[in-house]
Every structure is written in structure tokens, then in C-alpha cells.
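A.B. asks: Can you read through this structure? Questions will come right after.
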Amino acid sequence: MSPCKTATKPLRPASGADRAPVLCPLCGRPLPVWAIPEASARGIWVKCKNPACRKEIEIKL
């Protein structure tokens with residue numbers, strides 16, 4: 001089993017809202033997950049939608 005990368009806090013704010021997409025730490029593409037700055041989470045896994053990446057990313061906020 002290959003090691004998976006971990007996504008961290010959202011890097012850029014959403015347009016006019018206080019939630020922001022979480023970015024893939026490998027390719028930088030937004031993952032299908034949004035979070036507010038005060039959010040906390042562990043153990044949530046999402047697959048990157050970038051065809052060149054397609055890695056599983058653990059969300060840790």
C-alpha cells in the first residue's frame with residue numbers, strides 16, 4: 001500500500017462565503033470538500049478528481 005498525502009486547512013477563501021475548498025496537496029486542484037476556517041476533522045478520505053493525480057487524500061483540519 002502506498003503512502004497517502006494529507007490535505008490541511010483551506011488555502012483560499014470562497015467567493016463571498018466563509019467556506020473554502022480544500023486543495024489537493026499534490027496537484028493543487030480543489031477537492032470536492034469545503035470547510036470553514038474553524039472546522040476540525042480527521043479520518044475523512046477523498047479521491048482527487050484531477051485525471052493526472054487520482055490519489056486518495058486524507059482530510060485533516
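Chains: A, B, ... in order of the C-alpha cells. Residues: from 1 per chain. Ligands: from 1, in order shown.
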Give me the residues near Lys47 (chain A) as a PyMOL selection string, where near means some atom within 9 Å (using only C-alpha atoms) and where sequence neighbours in that chain fewer than 4 positions away do not count.
C.D. replies: chain A and resi 31-32+54-58
A.B. asks: Go ahead and write the residues just picked, N, CA and C atoms, as a PDB file, in the first residue's frame.
C.D. replies:
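Dumped everything to again.pdb:
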ATOM      1  N   LEU A  31     -10.400  19.897  -4.071  1.00  0.00           N
ATOM      2  CA  LEU A  31     -11.067  18.623  -3.827  1.00  0.00           C
ATOM      3  C   LEU A  31     -12.558  18.879  -3.672  1.00  0.00           C
ATOM      4  N   PRO A  32     -13.412  17.862  -3.812  1.00  0.00           N
ATOM      5  CA  PRO A  32     -14.858  18.064  -3.648  1.00  0.00           C
ATOM      6  C   PRO A  32     -15.250  18.157  -2.167  1.00  0.00           C
ATOM      7  N   ARG A  54      -5.353  11.598  -9.230  1.00  0.00           N
ATOM      8  CA  ARG A  54      -6.217  10.492  -8.797  1.00  0.00           C
ATOM      9  C   ARG A  54      -5.776   9.817  -7.496  1.00  0.00           C
ATOM     10  N   LYS A  55      -5.047  10.520  -6.630  1.00  0.00           N
ATOM     11  CA  LYS A  55      -4.594   9.953  -5.364  1.00  0.00           C
ATOM     12  C   LYS A  55      -5.675  10.082  -4.302  1.00  0.00           C
ATOM     13  N   GLU A  56      -5.646   9.212  -3.305  1.00  0.00           N
ATOM     14  CA  GLU A  56      -6.520   9.338  -2.146  1.00  0.00           C
ATOM     15  C   GLU A  56      -5.858  10.260  -1.153  1.00  0.00           C
ATOM     16  N   ILE A  57      -6.623  11.234  -0.661  1.00  0.00           N
ATOM     17  CA  ILE A  57      -6.114  12.269   0.233  1.00  0.00           C
ATOM     18  C   ILE A  57      -6.884  12.195   1.544  1.00  0.00           C
ATOM     19  N   GLU A  58      -6.188  12.202   2.675  1.00  0.00           N
ATOM     20  CA  GLU A  58      -6.852  12.265   3.971  1.00  0.00           C
ATOM     21  C   GLU A  58      -7.009  13.719   4.352  1.00  0.00           C
TER      22      GLU A  58
END
A.B. asks: In terms of the shortest atom-to-atom distance over only C-alpha atoms, which of A:Cys24, A:Asp18, A:Ala52, A:Ile59 is closest to Ile36 (chain A)?
C.D. replies: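 Of A:Cys24, A:Asp18, A:Ala52, A:Ile59, the one nearest Ile36 (chain A) is A:Asp18, counting only C-alpha atoms.
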A.B. asks: Between CA of Val46 (chain A) and CA of Val22 (chain A), what is the distance in Å, rounded to a tenth?
C.D. replies: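 CA of Val46 (chain A) sits 10.5 Å away from CA of Val22 (chain A).
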A.B. asks: Residues at most 10 Å from Glu38 (chain A), counting only C-alpha atoms, excluding those fewer than 3 positions away in the same chain, as a list in words?
C.D. replies: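 Residues near the query, excluding close chain neighbours: Lys9, Asp18, Arg19, Ala35 and Leu61 of chain A.
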